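Engineer: So here's run_18.txt, just compact mmCIF, C-alpha atoms:
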```txt
# COMPACT_ATOMS: atom_id res chain seq x y z
CA MET A 1 26.18 -62.27 -17.33
CA ALA A 2 22.84 -60.87 -16.23
CA GLU A 3 21.14 -58.43 -18.57
CA LYS A 4 22.13 -54.83 -17.91
CA LEU A 5 19.25 -52.74 -16.57
CA ASN A 6 18.89 -49.01 -17.23
CA ALA A 7 16.68 -46.30 -15.77
CA VAL A 8 13.21 -45.81 -17.21
CA LYS A 9 13.25 -43.47 -20.21
CA GLY A 10 12.71 -39.89 -19.07
CA MET A 11 13.51 -40.72 -15.42
CA ASN A 12 17.06 -39.67 -14.72
CA ASP A 13 19.69 -40.31 -12.09
CA ILE A 14 21.18 -37.18 -10.54
CA ALA A 15 24.76 -37.91 -9.55
CA PRO A 16 27.75 -35.78 -8.56
CA PRO A 17 28.78 -33.23 -9.67
CA ALA A 18 25.27 -32.26 -10.88
CA SER A 19 23.67 -33.21 -7.56
CA ALA A 20 25.61 -30.40 -5.86
CA HIS A 21 23.75 -27.87 -8.00
CA TRP A 22 20.44 -29.43 -6.92
CA GLU A 23 21.44 -29.20 -3.25
CA TRP A 24 22.44 -25.56 -3.68
CA LEU A 25 19.13 -24.71 -5.36
CA GLU A 26 17.14 -26.56 -2.70
CA ASP A 27 19.02 -24.77 0.09
CA THR A 28 18.40 -21.39 -1.58
CA LEU A 29 14.68 -22.13 -1.86
CA ARG A 30 14.41 -23.24 1.77
CA ARG A 31 16.18 -20.10 3.03
CA LEU A 32 13.88 -17.84 1.04
CA MET A 33 10.76 -19.65 2.25
CA ARG A 34 11.83 -19.19 5.86
CA ARG A 35 12.21 -15.45 5.32
CA TYR A 36 8.63 -15.24 4.07
CA GLY A 37 7.19 -17.47 6.81
CA TYR A 38 6.36 -20.46 4.58
CA ARG A 39 6.64 -23.90 6.19
CA ASN A 40 7.38 -27.25 4.62
CA LEU A 41 4.62 -29.77 3.82
CA ARG A 42 5.53 -33.26 2.58
CA THR A 43 2.84 -35.29 0.86
CA PRO A 44 2.97 -38.86 -0.52
CA ILE A 45 4.19 -39.48 -4.05
CA VAL A 46 1.24 -41.84 -4.58
CA GLU A 47 -2.32 -40.50 -4.20
CA PRO A 48 -5.80 -41.87 -4.97
CA THR A 49 -6.46 -41.54 -8.70
CA ALA A 50 -9.79 -39.86 -7.92
CA LEU A 51 -7.94 -36.91 -6.35
CA PHE A 52 -6.49 -35.90 -9.72
CA VAL A 53 -9.53 -36.84 -11.80
CA ARG A 54 -11.67 -34.66 -9.56
CA GLY A 55 -9.08 -31.95 -9.04
CA LEU A 56 -7.67 -31.63 -12.56
CA GLY A 57 -10.73 -32.68 -14.59
CA GLU A 58 -11.31 -35.75 -16.75
CA VAL A 59 -10.85 -33.85 -20.02
CA THR A 60 -7.41 -32.43 -19.26
CA ASP A 61 -4.35 -33.79 -21.07
CA ILE A 62 -2.81 -34.78 -17.74
CA VAL A 63 -5.68 -37.08 -16.78
CA GLU A 64 -6.42 -38.33 -20.30
CA LYS A 65 -2.87 -39.05 -21.48
CA GLU A 66 -0.10 -38.41 -18.98
CA MET A 67 -0.85 -39.94 -15.58
CA TYR A 68 0.91 -43.04 -14.32
CA SER A 69 -2.06 -44.87 -12.80
CA PHE A 70 -2.35 -48.43 -11.58
CA GLU A 71 -4.42 -50.74 -9.42
CA ASP A 72 -3.01 -51.81 -6.07
CA ARG A 73 -2.92 -55.60 -6.31
CA LEU A 74 -3.40 -55.99 -2.56
CA ASN A 75 -6.70 -54.16 -2.17
CA GLY A 76 -7.83 -53.03 -5.63
CA GLU A 77 -7.35 -49.30 -4.93
CA GLN A 78 -6.86 -47.06 -7.96
CA LEU A 79 -3.64 -45.14 -7.38
CA THR A 80 -1.60 -42.58 -9.31
CA LEU A 81 1.93 -41.25 -9.14
CA ARG A 82 1.32 -37.55 -8.53
CA PRO A 83 1.47 -35.48 -11.75
CA GLU A 84 1.38 -32.24 -9.71
CA ASN A 85 1.05 -31.42 -6.03
CA THR A 86 -1.53 -28.66 -5.53
CA ALA A 87 -4.32 -31.22 -5.25
CA GLY A 88 -2.24 -33.19 -2.73
CA VAL A 89 -1.61 -30.07 -0.64
CA VAL A 90 -5.35 -29.32 -0.49
CA ARG A 91 -6.14 -32.96 0.29
CA ALA A 92 -3.64 -32.85 3.17
CA ALA A 93 -5.05 -29.54 4.44
CA LEU A 94 -8.54 -31.01 4.53
CA GLU A 95 -7.51 -34.37 5.98
CA HIS A 96 -5.55 -32.78 8.85
CA SER A 97 -7.73 -29.66 9.34
CA LEU A 98 -4.74 -27.40 8.81
CA LEU A 99 -6.90 -24.29 8.50
CA TYR A 100 -8.74 -24.74 11.79
CA ASP A 101 -6.78 -21.88 13.39
CA GLY A 102 -6.32 -19.65 10.35
CA GLY A 103 -4.49 -19.49 7.05
CA LYS A 104 -1.31 -21.40 6.32
CA ARG A 105 1.68 -20.60 4.13
CA LEU A 106 3.22 -23.85 2.89
CA TYR A 107 5.85 -25.05 0.45
CA TYR A 108 6.81 -28.43 -1.01
CA MET A 109 9.45 -29.89 -3.29
CA GLY A 110 9.84 -33.29 -4.87
CA PRO A 111 9.33 -35.54 -7.89
CA MET A 112 6.23 -35.51 -10.09
CA PHE A 113 5.38 -37.95 -12.90
CA ARG A 114 3.83 -37.49 -16.34
CA HIS A 115 4.04 -39.79 -19.34
CA GLU A 116 5.07 -37.40 -22.09
CA ARG A 117 7.85 -37.14 -24.65
CA PRO A 118 11.11 -36.32 -22.85
CA GLN A 119 12.71 -33.10 -24.08
CA ARG A 120 14.87 -30.26 -22.84
CA GLY A 121 13.76 -29.33 -19.33
CA ARG A 122 10.82 -31.76 -19.47
CA TYR A 123 10.98 -35.36 -18.26
CA ARG A 124 8.69 -38.18 -17.19
CA GLN A 125 9.98 -37.86 -13.67
CA PHE A 126 10.53 -34.18 -13.02
CA HIS A 127 10.85 -32.10 -9.90
CA GLN A 128 8.68 -29.23 -8.77
CA PHE A 129 8.95 -26.69 -6.03
CA GLY A 130 5.70 -25.03 -5.00
CA ALA A 131 4.51 -22.33 -2.63
CA GLU A 132 0.86 -22.37 -1.52
CA ALA A 133 -0.99 -19.85 0.66
CA LEU A 134 -4.23 -21.38 1.99
CA GLY A 135 -7.03 -19.45 3.66
CA PHE A 136 -6.17 -15.94 2.40
CA ALA A 137 -8.64 -14.20 0.09
CA GLY A 138 -7.07 -10.82 -0.66
CA PRO A 139 -4.84 -9.76 -3.55
CA ASP A 140 -2.09 -8.91 -1.06
CA VAL A 141 -1.14 -12.61 -0.78
CA ASP A 142 -1.32 -12.96 -4.59
CA ALA A 143 1.19 -10.12 -4.75
CA GLU A 144 3.29 -11.62 -1.94
CA LEU A 145 3.75 -14.84 -3.90
CA ILE A 146 4.72 -12.95 -7.05
CA VAL A 147 7.21 -10.81 -5.11
CA LEU A 148 8.59 -13.96 -3.50
CA ALA A 149 9.27 -15.44 -6.94
CA CYS A 150 10.93 -12.20 -8.08
CA ASP A 151 13.16 -12.31 -5.00
CA LEU A 152 14.09 -15.87 -5.94
CA TRP A 153 15.25 -14.79 -9.41
CA ALA A 154 17.37 -12.07 -7.77
CA GLU A 155 18.78 -14.52 -5.23
CA LEU A 156 19.77 -16.91 -8.02
CA GLY A 157 21.12 -14.10 -10.21
CA LEU A 158 18.73 -14.93 -13.05
CA THR A 159 17.77 -12.31 -15.64
CA GLY A 160 15.48 -12.17 -18.65
CA ILE A 161 12.43 -13.56 -16.81
CA GLU A 162 9.23 -11.66 -17.55
CA LEU A 163 5.96 -11.67 -15.64
CA GLU A 164 2.57 -12.11 -17.35
CA ILE A 165 -0.70 -11.71 -15.44
CA ASN A 166 -4.40 -12.05 -16.12
CA SER A 167 -7.69 -12.46 -14.27
CA LEU A 168 -10.05 -15.39 -14.76
CA GLY A 169 -12.83 -13.72 -12.75
CA GLN A 170 -15.42 -15.85 -11.00
CA PRO A 171 -17.35 -18.90 -12.28
CA PRO A 172 -20.46 -17.01 -13.53
CA GLU A 173 -18.23 -14.58 -15.44
CA ARG A 174 -16.23 -17.44 -16.91
CA LEU A 175 -19.45 -19.17 -17.92
CA ALA A 176 -20.61 -16.10 -19.85
CA HIS A 177 -17.21 -15.86 -21.52
CA ARG A 178 -17.23 -19.59 -22.28
CA GLN A 179 -20.55 -19.32 -24.06
CA ALA A 180 -19.33 -16.36 -26.10
CA LEU A 181 -16.07 -18.16 -26.88
CA ILE A 182 -17.79 -21.36 -28.04
CA ALA A 183 -20.14 -19.38 -30.27
CA TYR A 184 -17.17 -17.53 -31.80
CA LEU A 185 -15.16 -20.70 -32.39
CA GLU A 186 -18.15 -22.54 -33.85
CA ALA A 187 -18.55 -19.70 -36.32
CA HIS A 188 -14.91 -20.31 -37.39
CA ALA A 189 -14.90 -24.09 -37.14
CA ASP A 190 -13.17 -24.42 -40.50
CA GLN A 191 -10.04 -22.79 -38.98
CA LEU A 192 -9.80 -25.12 -35.98
CA ASP A 193 -7.25 -27.92 -35.86
CA GLU A 194 -8.21 -31.38 -34.62
CA GLU A 195 -7.08 -30.68 -31.06
CA ALA A 196 -9.19 -27.50 -30.91
CA LYS A 197 -12.24 -29.32 -32.30
CA ARG A 198 -11.85 -31.96 -29.60
CA ARG A 199 -11.69 -29.32 -26.88
CA LEU A 200 -14.38 -27.02 -28.28
CA HIS A 201 -17.14 -28.06 -25.87
CA SER A 202 -15.14 -29.80 -23.14
CA ASN A 203 -12.35 -27.28 -22.44
CA PRO A 204 -12.55 -24.29 -24.83
CA LEU A 205 -10.29 -22.06 -22.70
CA ARG A 206 -7.33 -24.29 -23.54
CA ILE A 207 -7.81 -23.48 -27.22
CA LEU A 208 -6.66 -19.93 -26.41
CA ASP A 209 -3.34 -21.39 -25.31
CA THR A 210 -2.70 -23.18 -28.61
CA LYS A 211 0.83 -23.19 -30.02
CA ASN A 212 -0.44 -23.78 -33.58
CA PRO A 213 0.80 -20.81 -35.69
CA ALA A 214 -2.13 -21.23 -38.11
CA MET A 215 -4.58 -20.44 -35.30
CA GLN A 216 -2.89 -17.42 -33.76
CA ALA A 217 -4.91 -14.80 -35.62
CA LEU A 218 -8.11 -16.62 -34.73
CA VAL A 219 -7.42 -16.79 -31.01
CA ASN A 220 -6.12 -13.22 -30.91
CA ALA A 221 -9.51 -12.02 -32.14
CA ALA A 222 -11.51 -14.26 -29.80
CA PRO A 223 -13.76 -12.79 -27.07
CA ARG A 224 -11.69 -11.73 -24.05
CA LEU A 225 -12.48 -12.94 -20.57
CA MET A 226 -11.46 -9.53 -19.20
CA ASP A 227 -14.47 -7.99 -20.97
CA HIS A 228 -16.82 -10.24 -18.98
CA LEU A 229 -15.46 -9.45 -15.52
CA GLY A 230 -17.68 -7.82 -12.93
CA ALA A 231 -16.77 -4.99 -10.55
CA GLU A 232 -15.44 -7.20 -7.73
CA SER A 233 -13.19 -9.24 -10.00
CA LEU A 234 -11.84 -6.10 -11.66
CA ASP A 235 -11.23 -4.54 -8.25
CA HIS A 236 -9.23 -7.60 -7.11
CA PHE A 237 -7.17 -7.47 -10.31
CA ASN A 238 -6.56 -3.73 -10.11
CA ARG A 239 -5.50 -3.95 -6.46
CA LEU A 240 -3.03 -6.69 -7.40
CA ARG A 241 -1.65 -4.46 -10.14
CA GLY A 242 -1.32 -1.58 -7.68
CA LEU A 243 0.69 -3.75 -5.28
CA LEU A 244 3.01 -4.90 -8.07
CA ASP A 245 3.45 -1.28 -9.16
CA ALA A 246 4.31 -0.33 -5.58
CA HIS A 247 7.09 -2.93 -5.64
CA GLY A 248 8.36 -1.71 -8.99
CA ILE A 249 7.67 -5.11 -10.56
CA ALA A 250 7.15 -4.98 -14.31
CA TYR A 251 4.40 -7.14 -15.83
CA ARG A 252 2.41 -7.63 -18.99
CA ILE A 253 -1.32 -8.32 -19.06
CA ASN A 254 -1.82 -11.40 -21.23
CA PRO A 255 -5.53 -11.97 -21.96
CA ARG A 256 -4.68 -15.41 -23.37
CA LEU A 257 -3.18 -16.58 -20.09
CA VAL A 258 -5.73 -19.14 -18.89
CA ARG A 259 -6.09 -22.30 -16.87
CA GLY A 260 -8.04 -25.33 -18.05
CA MET A 261 -9.29 -26.35 -14.59
CA ASP A 262 -12.60 -24.98 -13.31
CA TYR A 263 -11.36 -24.35 -9.78
CA TYR A 264 -9.06 -21.50 -10.86
CA ASN A 265 -10.41 -17.98 -10.40
CA LEU A 266 -9.26 -14.36 -10.29
CA SER A 267 -5.47 -13.92 -10.45
CA VAL A 268 -3.30 -16.08 -12.71
CA PHE A 269 0.33 -15.40 -13.57
CA GLU A 270 3.36 -16.90 -15.27
CA PHE A 271 7.07 -16.12 -15.35
CA VAL A 272 8.43 -16.74 -18.84
CA THR A 273 11.76 -16.64 -20.64
CA THR A 274 12.90 -16.86 -24.25
CA GLN A 275 16.10 -18.70 -23.30
CA LEU A 276 14.71 -22.24 -23.03
CA GLY A 277 13.19 -22.68 -26.45
CA SER A 278 9.56 -23.77 -26.53
CA GLN A 279 9.62 -24.55 -22.79
CA GLY A 280 9.43 -20.86 -21.92
CA THR A 281 7.41 -20.99 -18.68
CA VAL A 282 9.62 -21.34 -15.62
CA CYS A 283 7.01 -20.65 -12.93
CA ALA A 284 3.21 -20.59 -13.07
CA GLY A 285 0.57 -19.86 -10.49
CA GLY A 286 -2.80 -18.46 -9.65
CA ARG A 287 -5.74 -18.39 -7.32
CA TYR A 288 -7.75 -21.61 -6.94
CA ASP A 289 -10.53 -20.80 -4.49
CA GLY A 290 -12.75 -23.59 -5.88
CA LEU A 291 -10.45 -26.56 -5.29
CA PHE A 292 -11.32 -27.23 -1.63
CA GLU A 293 -14.98 -27.78 -2.50
CA GLN A 294 -14.11 -29.78 -5.62
CA ILE A 295 -12.12 -32.23 -3.50
CA GLY A 296 -14.94 -32.54 -0.98
CA GLY A 297 -14.18 -29.96 1.69
CA LYS A 298 -15.50 -26.67 2.94
CA ALA A 299 -14.81 -23.71 0.64
CA ALA A 300 -11.55 -21.88 1.33
CA PRO A 301 -9.52 -19.32 -0.64
CA ALA A 302 -6.09 -20.39 -1.89
CA VAL A 303 -3.33 -19.19 -4.19
CA GLY A 304 0.05 -20.59 -5.13
CA TRP A 305 2.70 -21.23 -7.74
CA ALA A 306 4.99 -24.03 -8.85
CA LEU A 307 8.27 -24.05 -10.73
CA GLY A 308 10.10 -26.81 -12.56
CA MET A 309 13.47 -27.33 -10.92
CA GLU A 310 15.02 -28.86 -14.04
CA ARG A 311 14.08 -25.75 -16.00
CA ILE A 312 15.51 -23.42 -13.38
CA LEU A 313 18.79 -25.35 -13.37
CA GLU A 314 18.84 -25.32 -17.17
CA LEU A 315 18.32 -21.55 -17.14
CA LEU A 316 21.06 -21.10 -14.51
CA LYS A 317 23.39 -23.09 -16.74
CA GLU A 318 22.40 -21.06 -19.78
CA GLN A 319 23.20 -17.82 -17.95
CA GLY A 320 26.39 -19.10 -16.34
CA ARG A 321 24.95 -18.76 -12.84
CA LEU A 322 25.60 -22.24 -11.46
CA PRO A 323 27.91 -22.19 -8.45
CA GLU A 324 31.36 -23.75 -8.34
CA GLN A 325 31.47 -27.37 -7.28
CA PRO A 326 32.00 -27.81 -3.52
CA VAL A 327 35.50 -28.91 -2.53
CA PRO A 328 36.97 -29.98 0.82
CA ASP A 329 38.81 -27.45 2.93
CA ALA A 330 41.57 -29.95 3.56
CA TYR A 331 42.80 -33.33 2.32
CA ALA A 332 44.51 -35.65 4.80
CA VAL A 333 47.67 -37.33 3.50
CA VAL A 334 48.58 -40.40 5.58
CA PRO A 335 51.82 -42.07 4.44
CA ASP A 336 51.48 -45.14 6.64
CA ALA A 337 48.25 -47.13 7.10
CA ALA A 338 49.37 -47.98 10.64
CA HIS A 339 48.76 -44.33 11.59
CA VAL A 340 45.12 -44.25 10.44
CA PRO A 341 43.71 -45.06 13.94
CA GLN A 342 45.60 -42.04 15.31
CA VAL A 343 44.63 -39.76 12.41
CA MET A 344 40.89 -40.41 12.22
CA PRO A 345 40.03 -38.88 15.66
CA VAL A 346 41.90 -35.70 14.64
CA LEU A 347 39.91 -35.47 11.41
CA ARG A 348 36.70 -36.05 13.32
CA ALA A 349 37.61 -33.19 15.67
CA LEU A 350 38.17 -30.94 12.65
CA ARG A 351 34.82 -31.88 11.16
CA ARG A 352 33.13 -31.09 14.45
CA GLN A 353 34.69 -27.64 14.18
CA GLY A 354 32.99 -27.19 10.80
CA VAL A 355 35.98 -27.95 8.57
CA ASN A 356 35.33 -30.17 5.55
CA VAL A 357 38.09 -32.79 5.51
CA GLN A 358 38.55 -35.66 3.11
CA MET A 359 40.89 -38.50 4.13
CA HIS A 360 42.91 -40.40 1.61
CA ALA A 361 41.62 -43.96 1.33
CA GLY A 362 44.21 -46.63 0.77
CA GLY A 363 43.97 -49.98 -0.92
CA ALA A 364 44.66 -53.54 0.14
CA ASP A 365 48.41 -52.94 -0.21
CA GLY A 366 48.55 -49.76 1.88
CA MET A 367 48.00 -46.01 1.47
CA GLY A 368 50.00 -45.56 -1.72
CA SER A 369 52.96 -43.26 -2.36
CA MET A 370 53.13 -39.66 -1.17
CA LYS A 371 53.23 -38.56 -4.81
CA SER A 372 49.98 -40.33 -5.63
CA GLN A 373 48.34 -38.98 -2.47
CA PHE A 374 49.34 -35.42 -3.30
CA LYS A 375 47.96 -35.89 -6.81
CA LYS A 376 44.62 -36.87 -5.34
CA ALA A 377 44.79 -34.05 -2.81
CA ASP A 378 45.29 -31.55 -5.63
CA ALA A 379 42.55 -33.14 -7.75
CA SER A 380 40.11 -32.88 -4.84
CA GLY A 381 40.29 -29.08 -5.03
CA ALA A 382 41.18 -28.79 -1.34
CA ARG A 383 42.84 -25.59 -0.12
CA PHE A 384 45.24 -27.44 2.18
CA ALA A 385 46.93 -30.80 2.55
CA LEU A 386 47.28 -32.10 6.10
CA ILE A 387 50.30 -34.38 6.26
CA PHE A 388 50.30 -36.95 9.05
CA GLY A 389 53.82 -38.32 8.72
CA GLU A 390 55.55 -40.43 11.34
CA GLN A 391 57.75 -37.58 12.51
CA GLU A 392 54.83 -35.16 12.84
CA LEU A 393 52.76 -37.66 14.80
CA GLN A 394 55.65 -38.39 17.16
CA GLN A 395 55.86 -34.64 17.82
CA GLY A 396 52.09 -34.36 18.29
CA SER A 397 51.79 -32.12 15.23
CA VAL A 398 50.62 -32.09 11.62
CA ALA A 399 52.21 -30.52 8.55
CA LEU A 400 49.95 -28.00 6.84
CA LYS A 401 50.66 -27.48 3.15
CA PRO A 402 48.68 -24.84 1.17
CA LEU A 403 47.63 -26.23 -2.20
CA ARG A 404 46.12 -23.04 -3.57
CA GLY A 405 46.65 -19.33 -3.26
CA PRO A 406 48.99 -16.62 -4.54
CA ARG A 407 52.70 -16.44 -3.83
CA PRO A 408 53.89 -13.57 -1.60
CA ASP A 409 55.07 -11.71 -4.71
CA GLY A 410 51.52 -11.82 -6.10
CA ASP A 411 52.24 -14.38 -8.84
CA SER A 412 49.42 -16.90 -8.57
CA THR A 413 50.38 -18.90 -11.65
CA HIS A 414 52.60 -21.29 -9.69
CA PRO A 415 51.67 -20.84 -6.03
CA GLU A 416 54.42 -21.41 -3.50
CA LEU A 417 53.60 -24.43 -1.35
CA ALA A 418 55.03 -23.38 2.01
CA GLN A 419 54.82 -25.61 5.07
CA ARG A 420 54.23 -24.99 8.73
CA LEU A 421 53.55 -27.30 11.66
CA LEU A 422 50.44 -27.25 13.81
CA SER A 423 50.14 -28.76 17.24
CA LEU A 424 47.34 -31.32 17.34
CA ASN A 425 46.15 -29.48 20.45
CA ALA A 426 45.68 -26.34 18.32
CA VAL A 427 43.21 -27.95 15.93
CA SER A 428 40.33 -25.79 17.18
CA ASP A 429 42.25 -22.55 16.64
CA TRP A 430 43.26 -23.54 13.12
CA ALA A 431 39.72 -24.69 12.32
CA ALA A 432 38.29 -21.39 13.54
CA SER A 433 40.78 -19.39 11.45
CA LEU A 434 39.98 -21.50 8.39
CA ARG A 435 36.26 -20.96 8.77
CA GLY A 436 36.84 -17.22 8.98
CA ALA A 437 39.17 -17.15 5.97
```
Could you spell out this file's structure in structure tokens?
Structural biologist:
Amino acid sequence: MAEKLNAVKGMNDIAPPASAHWEWLEDTLRRLMRRYGYRNLRTPIVEPTALFVRGLGEVTDIVEKEMYSFEDRLNGEQLTLRPENTAGVVRAALEHSLLYDGGKRLYYMGPMFRHERPQRGRYRQFHQFGAEALGFAGPDVDAELIVLACDLWAELGLTGIELEINSLGQPPERLAHRQALIAYLEAHADQLDEEAKRRLHSNPLRILDTKNPAMQALVNAAPRLMDHLGAESLDHFNRLRGLLDAHGIAYRINPRLVRGMDYYNLSVFEFVTTQLGSQGTVCAGGRYDGLFEQIGGKAAPAVGWALGMERILELLKEQGRLPEQPVPDAYAVVPDAAHVPQVMPVLRALRRQGVNVQMHAGGADGMGSMKSQFKKADASGARFALIFGEQELQQGSVALKPLRGPRPDGDSTHPELAQRLLSLNAVSDWAASLRGA
């Protein structure tokens, strides 16, 4: 026998019944985006490696340790499986001049790839959904994206998600803070762990985001970026706060909420929960007005957020908010295989009327006994069995047998399975009544 092959570690198959939850979440996200006027953008999974090196920075963990990069053997191009999609969205906007006639509200969903240790809610192939507003400079769009995320939590029925916000100001303000931060950390170098020492001069802001308990007191006392903000940056932040207050959205100002990439500026925010262990961030975003220039285009304001779909599904499961598995409306029982050619057009007509119908599939020796077919009909979860017996077909009718529902006396423990006959010509009427039920 050939050697059995398995999926790559940390890259998972999504099969039924779990795939139904993914479809439901994707449909919910698409509906909400349409309400807010966001349109779908689909970018390639593979991008030039330089896009992420330039966009994310050479000294970030993603570029240094986590990217799946390779050389195209056909032409020698350096390519990378996308580790995130904001850079790809901006690349696409520049390449296709999407902002030529004004700002664009866009969204994307799909797989991303990072080589890290697989753990709960975090995999080497994971899926992100992102919303990006390009070409809008005011805090009103920052607030819109935050409100949009809050509406998503309500739509999904999720609770216990808290909002944290901060302002990163503008590059000159961050530079002044960076210098003050480096000086402070150098004065306490004996308290830094190896990771902090490595980042001290290359990416000191990331030190503020350390999870090392031994460094918490040190970073809590570090110089705050908020104290270095000028009047315009503070005004942008205060206007954002006013808009959130007007919506009644609760938030906490977290001065340690930072981004390691230089193109981020002004508003940053995260939605966090305590219900997923150490992977507490379920959605993160911010303003990245510097990314267009960093990738080689004309400067343009931009803001967006991304969420991990695995984490959202894990949180939905934790809170008991996942929907019931989809089941067919009806299951077609066909006692005789010779009748299948007559039955299939009827089922097709039902499906065209919007009724979900599953037909029993027989084997090489026929359709199987009625008892076995009814067992499968019941196991399918269908509300009705449609029985296409020889007598019914001769009469141009079908037997309709309810499989679920209360008895007339209200006892639903053992539902009465009454029968009635439908004319095949009345399929549309029955389908319409079923859809309205």
Engineer: Hey, can you check how far CA of Glu314 (chain A) sits from CA of His21 (chain A)?
Structural biologist: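 Separating CA of Glu314 (chain A) from CA of His21 (chain A) is a distance of 10.7 Å.
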Engineer: Can you list every residue of region 188-271 of chain A that has an atom at most 12 Å from region 81-90 of chain A, with its nearest atom pair and the distance in Å to one decimal, using all atoms listed in the file, ordered by chain then number, as CSV?
Structural biologist:
```
residue,atom,partner,partner_atom,distance
A:Met261,CA,A:Ala87,CA,11.6
A:Tyr263,CA,A:Ala87,CA,10.8
A:Tyr264,CA,A:Thr86,CA,11.7
```
Engineer: For Leu163 (chain A), which of A:Gly277, A:Pro335, A:Gly285, A:Pro341 is the closest residue, counting only C-alpha atoms?
Structural biologist: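 Ranking A:Gly277, A:Pro335, A:Gly285, A:Pro341 by distance to Leu163 (chain A), first place goes to A:Gly285.
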Engineer: Taking all atoms listed in the file into account, which of A:Asp190, A:His177, A:Lys298, A:Asp142 comes nearest Arg239 (chain A)?
Structural biologist: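 Closest to Arg239 (chain A), using all atoms listed in the file: A:Asp142.
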Engineer: Env of Ile14 (chain A): 12 Å cut, atoms = all atoms listed in the file, seq-sep filter 2 positions within chain, self excluded. Answer as a PyMOL selection string.
Structural biologist: chain A and resi 7+11-12+16-23+125-127+310
Engineer: From the list A:Gln119, A:Gln78, A:Thr28, A:Gln191, which residue is nearest Gln279 (chain A) when using all atoms listed in the file?
Structural biologist: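 Checking each candidate against Gln279 (chain A), we get A:Gln119 as the closest.
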Engineer: Val8 (chain A): which residues within 12 Å, counting all atoms listed in the file, same-chain residues fewer than 4 positions away excluded, as a list in words?
Structural biologist: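 Neighbouring residues, sequence-local ones excluded: Asn12, Asp13, Phe113, His115, Pro118, Tyr123, Arg124 and Gln125 of chain A.
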Engineer: List the residues sitting within 7 Å of (3.7, -26.4, 1.6) in the file's frame, using all atoms listed in the file, as a count of residues only.
Structural biologist: 10
Engineer: Counting only C-alpha atoms, which residue out of A:Gly242, A:Gly160, A:Pro301, A:Gly366 sits closest to Leu134 (chain A)?
Structural biologist: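 Smallest separation from Leu134 (chain A) among the options: A:Pro301.
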Engineer: Quick one: distance from CA of Gly389 (chain A) to CA of Pro328 (chain A) in Å, one decimal?
Structural biologist: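 Between these atoms lies a distance of 20.4 Å.
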Engineer: Rounded to one decimal place, report the CA of Glu324 (chain A)-CA of Tyr36 (chain A) distance in Å.
Structural biologist: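 Going from CA of Glu324 (chain A) over to CA of Tyr36 (chain A) covers 27.3 Å.
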Engineer: Counting all atoms listed in the file, what is within 8 Å of Arg91 (chain A), bar same-chain residues fewer than 6 positions away, as a CSV table (one decimal) with C-alpha atoms, in the frame of the given file?
Structural biologist:
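Output (selection-v4.csv):
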```csv
chain,number,residue,atom,x,y,z
A,51,LEU,CA,-7.9,-36.9,-6.4
A,292,PHE,CA,-11.3,-27.2,-1.6
A,295,ILE,CA,-12.1,-32.2,-3.5
```
Engineer: Have a look at A:Gly296, A:Pro139, A:Gly102, A:Gly37 and name the one nearest to Arg54 (chain A); count all atoms listed in the file.
Structural biologist: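 Counting all atoms listed in the file, the residue closest to Arg54 (chain A) is A:Gly296.
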Engineer: I'd like the neighbourhood of Gly138 (chain A) as an mmCIF file with C-alpha atoms, keeping the file's coordinate frame, where a residue qualifies if any of its atoms comes within 10 Å (using only C-alpha atoms), though same-chain residues fewer than 2 positions away should be ignored.
Structural biologist:
```
data_model
loop_
_atom_site.group_PDB
_atom_site.id
_atom_site.type_symbol
_atom_site.label_atom_id
_atom_site.label_comp_id
_atom_site.auth_asym_id
_atom_site.auth_seq_id
_atom_site.Cartn_x
_atom_site.Cartn_y
_atom_site.Cartn_z
ATOM 1 C CA GLY A 135 -7.030 -19.450 3.660
ATOM 2 C CA PHE A 136 -6.170 -15.940 2.400
ATOM 3 C CA ASP A 140 -2.090 -8.910 -1.060
ATOM 4 C CA VAL A 141 -1.140 -12.610 -0.780
ATOM 5 C CA ASP A 142 -1.320 -12.960 -4.590
ATOM 6 C CA ALA A 143 1.190 -10.120 -4.750
ATOM 7 C CA HIS A 236 -9.230 -7.600 -7.110
ATOM 8 C CA ARG A 239 -5.500 -3.950 -6.460
ATOM 9 C CA LEU A 240 -3.030 -6.690 -7.400
ATOM 10 C CA PRO A 301 -9.520 -19.320 -0.640
ATOM 11 C CA ALA A 302 -6.090 -20.390 -1.890
ATOM 12 C CA VAL A 303 -3.330 -19.190 -4.190
#
```
